[in-house]
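J.: Below is a structure I'd like to ask you about.
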Amino acid sequence: VDGIHDLGGMQGFGAVDHSPAEPVFHEPWEGRARALLEAVSGAVQASGGETRHSIERMDPGHYLTSSYYEHWLTAAATLAVEHGLVSPEELEARAGGRFPLSGPVHAPPVADAGPGAGEPRFAPGDRVRVREWHPPGHTRCPCYIRGKAGVVVRLDGTHSVPDIEAHSTARRYEATYSVRFDAASLWRDGQRGVWVHVDLWDSYLEPA
Amino acid sequence: MSGDAHHPAPMAPVEHRVAALEALLTERGLVPDGFIEEITRRYETEIGPMNGARVVARAWADPAYKQRLLADGTAAIAELGFDGPEGHHMVVVENTPAVHNVIVCTLCSCYPWPTLGLPPAWYKDPPYRARMVREPRALLAEMGCELPGDAEIRVWDSSAEVRYLVLPERPPGTEGMSEAELAGCVSRDSMIGVARL
């Protein structure tokens with residue numbers, strides 16, 4: 001889904017609120033929210049893809065105005081509701097106010113994961129182009145490189161395809177690669193000597 | 001309680017929402033005693049950038065280890081006992097006078113937990129994730145990381161299963177230091193790549 005989480009290259013955000021040292025958890029509730037997502041993901045056997053997608057489906061306004069651990073809380077509550085552990089009414093009654101959850105899944109369930117990609121199609125040094133497509137469900141292919149050409153610099157073994165595992169109990173395993181893009185070709189702004197590397201599954205790519 | 005679409009009820013404070021979910025899950029037996037406290041304790045005391053600093057110090061002190069670290073980050077880091085979630089596929093990228101590496105996760109907050117702990121808030125916030133892939137030279141300068149104008153910048157967007165650790169350059173004046181003293185020179189930011197030592 002082309003969601004608010006897919007932030008690479010977006011403009012207008014301003015300065016990074018950077019401090020060289022900060023506590024692991026700023027408030028006690030942050031650690032608790034983090035642990036609750038682990039508890040829920042474990043209880044419902046959510047894959048990494050399903051868990052990430054439950055954050056990606058947050059209302060964009062809420063996503064941008066809440067901290068990362070509030071995202072984790074929202075994801076934990078959303079997964080708990082979707083898997084029947086709790087109801088939205090119970091959550092709101094206990095919380096004493098509105099308890100926003102993430103929006104619905106728009107991708108159809110994946111019944112058949114298809115065959116694994118088998119041998120990697122590409123090798124370091126190969127020129128590849130990222131598919132230009134906009135899947136309705138979870139993907140780990142950022143928008144800012146779609147349709148762009150780059151060079152494979154590393155092969156990282158085979159891993160479960162997130163686009164499948166987020167929407168299915170089935171799994172497909174494919175090679176992943178680190179692909180190098182010239183920043184000047186991504187942004188057409190003439191910057192020099194900047195390379196952006198993105199790690200991508202085999203089916204995100206085509207020969208260039 | 002949710003009001004209607006035009007007049008939504010006020011959102012419950014986040015602490016209340018956390019407490020509500022925690023209470024409901026606990027009643028259903030899904031949060032074992034001490035589960036939350038154990039997770040927070042581990043990340044507050046055991047898993048953090050002091051681990052990554054030991055890896056970097058070893059690489060500075062032992063050229064054979066550095067070679068193994070750059071060839072197979074996961075195995076070399078495990079030699080020091082650091083392994084676990086978000087650390088099963090580690091790639092270590094080396095800074096040199098001519099090349100500067102920096103890590104980001106534009107899609108969420110991927111970060112090498114066993115060596116760096118949990119990511120700082122700014123790493124997960126939109127400005128860093130949006131800008132580091134678009135204007136890294138400007139953003140690094142803004143964050144106080146000055147690079148020679150002709151230095152090559154390599155940004156690593158952790159979008160799949162690999163997690164990255166930057167091996168910073170050993171700073172001058174550290175000759176003769178013990179490994180423990182060297183580890184004391186290594187900052188979290190230098191291993192993310194938003195600072196040089």
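Each chain in the structure tokens gets a letter, A, B and so on, in the order shown; residues start at 1 in every chain, and ligands are counted from 1 in the order they appear.
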As number ranges by chain, could you give me every residue of chain A near chain B (at most 6 Å apart, counting only C-alpha atoms)?
T.: A: 5-10, 13, 16-18, 29, 31-32, 35, 91, 94-95, 97-98, 193-199
J.: Would you please give, as number ranges by chain, all residues of segment 57-143 of chain A that DSSP assigns to strand (DSSP E or B) based on the backbone?
T.: A: 98, 127-130
J.: Within 12 Å of segment 64-88 of chain B, which residues of segment 121-203 of chain A come that close, and what is the closest atom pair and distance in Å for each? Count only C-alpha atoms and give it as CSV.
T.:
```
residue,atom,partner,partner_atom,distance
A:Arg154,CA,B:Ala71,CA,11.9
A:Asp156,CA,B:Asp72,CA,11.2
A:His159,CA,B:His88,CA,12.0
```
J.: With distances taken over only C-alpha atoms, which of A:Gly147, A:Gly103, A:Gly118, A:Pro124 is nearest to Thr78 of chain A?
T.: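 Checking each candidate against Thr78 of chain A, we get A:Gly103 as the closest.
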J.: To one decimal place in Å, what is the distance between atom CA of Gly114 of chain A and atom CA of Val128 of chain A?
T.: 22.5 Å
J.: Tell me, in Å to one decimal, how far atom CA of Ala80 of chain A is from atom CA of Asp33 of chain B.
T.: 19.1 Å
J.: If you count only C-alpha atoms, which residues fall within 12 Å of Pro109 of chain A, apart from same-chain ones fewer than 3 positions away, as a ChimeraX atom specification?
T.: /A:50,105-106,112-113,136-138,163-170
J.: Residues of the last selection are to be written out with N, CA, C and O atoms, as a PDB file, in the first residue's frame.
T.:
```pdb
ATOM      1  N   GLU A  50       2.807  -9.126   8.723  1.00  0.00           N
ATOM      2  CA  GLU A  50       1.482  -8.774   9.241  1.00  0.00           C
ATOM      3  C   GLU A  50       1.602  -7.707  10.332  1.00  0.00           C
ATOM      4  O   GLU A  50       0.795  -6.766  10.398  1.00  0.00           O
ATOM      5  N   VAL A 105      -7.565  -4.066   6.136  1.00  0.00           N
ATOM      6  CA  VAL A 105      -6.670  -4.609   5.100  1.00  0.00           C
ATOM      7  C   VAL A 105      -7.377  -4.490   3.752  1.00  0.00           C
ATOM      8  O   VAL A 105      -8.543  -4.850   3.635  1.00  0.00           O
ATOM      9  N   HIS A 106      -6.701  -3.960   2.749  1.00  0.00           N
ATOM     10  CA  HIS A 106      -7.320  -3.835   1.430  1.00  0.00           C
ATOM     11  C   HIS A 106      -6.866  -4.907   0.449  1.00  0.00           C
ATOM     12  O   HIS A 106      -7.458  -5.074  -0.619  1.00  0.00           O
ATOM     13  N   ASP A 112      -2.591 -18.823  -2.487  1.00  0.00           N
ATOM     14  CA  ASP A 112      -1.498 -19.606  -3.051  1.00  0.00           C
ATOM     15  C   ASP A 112      -0.269 -18.708  -3.152  1.00  0.00           C
ATOM     16  O   ASP A 112      -0.288 -17.696  -3.847  1.00  0.00           O
ATOM     17  N   ALA A 113       0.768 -19.073  -2.421  1.00  0.00           N
ATOM     18  CA  ALA A 113       1.967 -18.237  -2.394  1.00  0.00           C
ATOM     19  C   ALA A 113       2.763 -18.334  -3.688  1.00  0.00           C
ATOM     20  O   ALA A 113       3.671 -17.545  -3.922  1.00  0.00           O
ATOM     21  N   PRO A 136      -1.943  -3.266  -3.254  1.00  0.00           N
ATOM     22  CA  PRO A 136      -2.856  -2.767  -2.209  1.00  0.00           C
ATOM     23  C   PRO A 136      -2.486  -3.231  -0.810  1.00  0.00           C
ATOM     24  O   PRO A 136      -2.983  -2.686   0.169  1.00  0.00           O
ATOM     25  N   GLY A 137      -1.617  -4.230  -0.712  1.00  0.00           N
ATOM     26  CA  GLY A 137      -1.269  -4.774   0.600  1.00  0.00           C
ATOM     27  C   GLY A 137       0.115  -4.352   1.037  1.00  0.00           C
ATOM     28  O   GLY A 137       0.644  -3.313   0.622  1.00  0.00           O
ATOM     29  N   HIS A 138       0.707  -5.186   1.901  1.00  0.00           N
ATOM     30  CA  HIS A 138       2.023  -4.895   2.463  1.00  0.00           C
ATOM     31  C   HIS A 138       3.116  -5.156   1.428  1.00  0.00           C
ATOM     32  O   HIS A 138       3.050  -6.126   0.688  1.00  0.00           O
ATOM     33  N   ASP A 163       5.283  -9.502   1.209  1.00  0.00           N
ATOM     34  CA  ASP A 163       4.011  -9.258   0.536  1.00  0.00           C
ATOM     35  C   ASP A 163       3.083 -10.461   0.644  1.00  0.00           C
ATOM     36  O   ASP A 163       1.859 -10.323   0.603  1.00  0.00           O
ATOM     37  N   ILE A 164       3.678 -11.661   0.737  1.00  0.00           N
ATOM     38  CA  ILE A 164       2.890 -12.889   0.898  1.00  0.00           C
ATOM     39  C   ILE A 164       2.576 -13.115   2.372  1.00  0.00           C
ATOM     40  O   ILE A 164       1.429 -13.328   2.756  1.00  0.00           O
ATOM     41  N   GLU A 165       3.594 -13.055   3.222  1.00  0.00           N
ATOM     42  CA  GLU A 165       3.405 -13.468   4.621  1.00  0.00           C
ATOM     43  C   GLU A 165       2.464 -12.542   5.388  1.00  0.00           C
ATOM     44  O   GLU A 165       1.848 -12.945   6.351  1.00  0.00           O
ATOM     45  N   ALA A 166       2.338 -11.294   4.915  1.00  0.00           N
ATOM     46  CA  ALA A 166       1.433 -10.359   5.596  1.00  0.00           C
ATOM     47  C   ALA A 166      -0.026 -10.742   5.391  1.00  0.00           C
ATOM     48  O   ALA A 166      -0.891 -10.330   6.165  1.00  0.00           O
ATOM     49  N   HIS A 167      -0.310 -11.495   4.350  1.00  0.00           N
ATOM     50  CA  HIS A 167      -1.704 -11.756   3.968  1.00  0.00           C
ATOM     51  C   HIS A 167      -2.017 -13.242   3.856  1.00  0.00           C
ATOM     52  O   HIS A 167      -2.966 -13.628   3.177  1.00  0.00           O
ATOM     53  N   SER A 168      -1.197 -14.069   4.494  1.00  0.00           N
ATOM     54  CA  SER A 168      -1.370 -15.498   4.304  1.00  0.00           C
ATOM     55  C   SER A 168      -0.611 -16.266   5.371  1.00  0.00           C
ATOM     56  O   SER A 168       0.337 -15.736   5.968  1.00  0.00           O
ATOM     57  N   THR A 169      -1.018 -17.503   5.588  1.00  0.00           N
ATOM     58  CA  THR A 169      -0.166 -18.364   6.407  1.00  0.00           C
ATOM     59  C   THR A 169       0.844 -19.074   5.509  1.00  0.00           C
ATOM     60  O   THR A 169       1.767 -19.722   5.994  1.00  0.00           O
ATOM     61  N   ALA A 170       0.635 -18.954   4.184  1.00  0.00           N
ATOM     62  CA  ALA A 170       1.594 -19.551   3.248  1.00  0.00           C
ATOM     63  C   ALA A 170       2.840 -18.668   3.177  1.00  0.00           C
ATOM     64  O   ALA A 170       2.820 -17.503   3.569  1.00  0.00           O
TER      65      ALA A 170
END
```
J.: Separation of atom CA of Ala53 of chain B and atom CA of Gly173 of chain B, in Å?
T.: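 For atom CA of Ala53 of chain B relative to atom CA of Gly173 of chain B, the distance reads 17.5 Å.
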J.: Looking at A:Leu79, A:Ala183, A:Ala39, A:Ala123, which one is nearest to Pro207 of chain A, with distances taken over only C-alpha atoms?
T.: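 Going through A:Leu79, A:Ala183, A:Ala39, A:Ala123 one by one, the smallest distance to Pro207 of chain A is for A:Ala123.
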J.: Report as a PyMOL selection string: the residues of segment 25-157 of chain A with a DSSP assignment of helix (DSSP H, G or I), based on the backbone of this structure.
T.: chain A and resi 28-44+48-56+60-64+68-82+88-95+143-145
